[in-house]
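Contents: one structure, followed by commentary.
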Amino acid sequence: MLENYLPVLLQVLIAGGFAGATLLISVLLGKAAARNRVKDSAYECGMVPVGEGQSRFSVKFYIVAMLFVLFDIEVVFLYPWAVIFKDYVAIHGTAIFWSALCFVTVLFIAYAYAWKKGALDWKH
Amino acid sequence: MDALFASIDLFFLAISAVKIVLLVFAVILPMVAYSVYAERRFSAIIQDRVGPNRTGIPLTLFGFKKDIQILGIGGLLQPMADGLKFILKEDFTPGHVNKFYYWLAPCLTMVPALLTCAVMPFGSELDLNWFGIAQPIKSVIADLNVGPLYMFAISSLGVYGIVLAGWSSNSKYPFLGGVRSSSQMISYEISLGLSIIPVLMIFGELNLSKMSAYQDANGWLLVPLWGDSAPWSNGWHFGRWLLWIPVCISFVIFTISMFAETNRTPFDLAECETELVAGYHTEYSSMKFALFFLGEYAAMIIGSGLAVTLFLGGWSIPFAPLLSKLTGLQFHFVPGATPLYTGLLHIATFFAKVFGCILFFIWVRWTLPRFRFDQLMALGWKVFFELALVNVILTAGILIWCPLK
């Protein structure tokens, strides 16, 4: 079973090697030109950069990341359920459907709450 | 651990290495290069221009009067010229960046895109009896039982590349591009994951090779016009035709989420040039920029491959039963008894379908305008999330009350 993953390991090596090798070739073959203060500064459409590069940003992005963790775990929980669904129904009946419906309903309430609180609203 | 090393089959390992090298360097990378070329020619046609049509074998360098154009189509060597130029440009690391992460980010975009093709079944089986190999070779690098899960897990690592590029550049435009892009990608990952659950329920399977084989025998999921699921083969079956509705909804959500995941127009907010210059890779140049570029196109190819495998029959040949009847040859897959020509045809069919999908990607990019960020988030969270969830329940209901067999 585990040896099925050996080609994946091999591919990690080959893909990583490819990325590293192309960067190395470009370092070796690319022409180096003189540096100066203007060339080393951050790009702001040709103006002298103002303030910090990493400024403060909206908390919305953070909320989206939290919601993502919550709902993506839900999706992962549904995967094994989906895979056994057809066989389970054929043998044991519809209990699997109602239990999943309860699970989804609970999450839907959480989702509706997040929406009501304005977590999904980007206008303001 | 010793038991694991003892069980390693060197022949299996060598075959895998050959498959990886062939797939990555002889198929995926040339395909990436030529989809860039196709994009430039296609967009030129759409905008009534000519596009890159001059690069051929550069004989003028050696004093001849004309360059030779390959196949008579102008500019077919343009991708080679671009690659050469990327390599020969100055490799410049600006002074204000965080060096380690600045170098790591392009690798982190490129490597996951190449890794995901490990579980992609690009063909059925190759019967290499003529070359003295008794066992038929499976046309997939790693035949894992968790195909789609592996693909989502690895491809979401690509977010790290973009976030790190935006953050380590220490500059305003890349920073905004990186933050936007990461929240866009994680938002659409949910609808992407939810949209394929109905498909998994219909297959009852997480192995991509078996899904392709199922569609080869039973007709494609989205186009059930031949095989056992055709309306005239087993009598009119109501449930099978009802199931077509959730499959269509899934396909639409999957495709649109895929556009968002790969940062393609109409969702290319990460790099919209009118407000963010070039987004997260503004501060990048030469080969490091090229790796971002290649990674984006490789992700597009892998995404198309997944769409083809799940919905459009994978490597299965269209109208295979009819073709077999007309020609007397075998066009469908039989485990252990698939002739070599069928195995090769399956591989060709798969990549033809993938290329068709890429042309669709390009067509959409040069047709639709870009979304606004609040519209993008509203579409992902308020429309697709609910629609995909309802779709799962709908599929479950159909499978219970109109069972397939």
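Chain identifiers are assigned as A, B, and so on, following the order in which chains appear in the structure tokens; residues are numbered from 1 within each chain, and ligands are numbered from 1 in order of appearance.
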
For a quick test of understanding: name the residues of chain A lying within 8 Å of chain B when counting only C-alpha atoms, and present them as an MDAnalysis selection string. chainID A and resid 2:8 10:12 14:16 19:20 22:23 25:27 29:33 39:44 52:55 61 64:65 68 71:72 75 78:79 82:87 89 94 97 101 120:123

From chain A, collect each residue whose DSSP state is helix (DSSP H, G or I) and return the set as a ChimeraX atom specification. /A:2-29,37-40,60-92,95-116

Selection to disk with C-alpha atoms, as a tab-separated table (two decimals), in the first residue's frame:
chain	number	residue	atom	x	y	z
A	2	LEU	CA	2.67	2.46	1.09
A	3	GLU	CA	4.88	1.71	-1.91
A	4	ASN	CA	2.21	3.37	-4.09
A	5	TYR	CA	3.51	6.63	-2.68
A	6	LEU	CA	7.10	6.04	-3.81
A	7	PRO	CA	6.51	7.56	-7.27
A	8	VAL	CA	5.10	10.64	-5.51
A	9	LEU	CA	8.32	10.95	-3.52
A	10	LEU	CA	10.29	10.55	-6.73
A	11	GLN	CA	8.22	13.28	-8.34
A	12	VAL	CA	8.86	15.63	-5.39
A	13	LEU	CA	12.58	15.20	-6.06
A	14	ILE	CA	12.26	15.73	-9.82
A	15	ALA	CA	9.94	18.75	-9.57
A	16	GLY	CA	12.06	20.37	-6.84
A	17	GLY	CA	15.20	19.65	-8.85
A	18	PHE	CA	13.67	21.25	-11.94
A	19	ALA	CA	12.70	24.43	-10.09
A	20	GLY	CA	16.12	24.67	-8.41
A	21	ALA	CA	18.00	23.94	-11.61
A	22	THR	CA	16.22	26.60	-13.68
A	23	LEU	CA	16.92	29.22	-11.00
A	24	LEU	CA	20.56	28.16	-10.85
A	25	ILE	CA	20.97	28.27	-14.65
A	26	SER	CA	19.53	31.76	-14.72
A	27	VAL	CA	21.96	32.86	-11.97
A	28	LEU	CA	24.90	31.39	-13.91
A	29	LEU	CA	23.97	32.62	-17.38
A	37	ARG	CA	19.92	52.97	-5.04
A	38	VAL	CA	17.02	53.59	-7.39
A	39	LYS	CA	17.17	50.10	-8.87
A	40	ASP	CA	17.16	48.59	-5.38
A	60	LYS	CA	-11.92	40.97	6.45
A	61	PHE	CA	-9.11	38.89	4.97
A	62	TYR	CA	-8.48	37.36	8.38
A	63	ILE	CA	-12.17	36.54	8.90
A	64	VAL	CA	-12.30	34.88	5.48
A	65	ALA	CA	-9.32	32.72	6.44
A	66	MET	CA	-11.07	31.63	9.66
A	67	LEU	CA	-14.31	30.82	7.86
A	68	PHE	CA	-12.31	28.86	5.30
A	69	VAL	CA	-10.79	26.61	7.96
A	70	LEU	CA	-14.24	25.98	9.44
A	71	PHE	CA	-16.04	25.11	6.21
A	72	ASP	CA	-13.19	23.33	4.49
A	73	ILE	CA	-13.08	20.83	7.35
A	74	GLU	CA	-16.78	20.28	6.76
A	75	VAL	CA	-16.02	19.46	3.12
A	76	VAL	CA	-13.31	17.00	4.14
A	77	PHE	CA	-15.76	15.29	6.53
A	78	LEU	CA	-18.24	14.89	3.68
A	79	TYR	CA	-15.74	13.10	1.40
A	80	PRO	CA	-15.75	9.67	3.10
A	81	TRP	CA	-19.50	10.01	3.57
A	82	ALA	CA	-19.94	10.58	-0.18
A	83	VAL	CA	-17.72	7.64	-1.13
A	84	ILE	CA	-19.61	5.04	0.92
A	85	PHE	CA	-23.05	6.60	0.33
A	86	LYS	CA	-24.33	4.41	-2.52
A	87	ASP	CA	-23.28	1.09	-0.98
A	88	TYR	CA	-24.50	2.05	2.48
A	89	VAL	CA	-27.97	3.03	1.22
A	90	ALA	CA	-28.29	-0.25	-0.66
A	91	ILE	CA	-27.59	-2.27	2.52
A	92	HIS	CA	-28.73	-0.21	5.53
A	95	ALA	CA	-30.18	6.64	7.93
A	96	ILE	CA	-26.95	7.92	6.35
A	97	PHE	CA	-28.91	10.58	4.46
A	98	TRP	CA	-30.73	11.99	7.51
A	99	SER	CA	-27.62	12.07	9.68
A	100	ALA	CA	-25.72	14.00	7.00
A	101	LEU	CA	-28.70	16.33	6.61
A	102	CYS	CA	-28.54	17.12	10.35
A	103	PHE	CA	-24.79	17.78	10.07
A	104	VAL	CA	-25.22	20.08	7.09
A	105	THR	CA	-28.13	21.90	8.79
A	106	VAL	CA	-26.01	22.68	11.87
A	107	LEU	CA	-23.29	24.09	9.63
A	108	PHE	CA	-25.83	26.00	7.63
A	109	ILE	CA	-27.01	27.72	10.81
A	110	ALA	CA	-23.41	28.76	11.53
A	111	TYR	CA	-23.11	29.99	7.96
A	112	ALA	CA	-26.34	32.00	8.23
A	113	TYR	CA	-25.05	33.52	11.48
A	114	ALA	CA	-21.77	34.54	9.83
A	115	TRP	CA	-23.70	36.10	6.96
A	116	LYS	CA	-26.06	37.94	9.37

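Between CA of Ser124 in chain B and CA of Ala213 in chain B the interatomic distance comes to 7.7 Å.
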
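CA of Leu379 in chain B is found 11.0 Å from CA of Phe267 in chain B.
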
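We find CA of Asp82 in chain B and CA of Leu306 in chain B to be spaced 28.3 Å apart.
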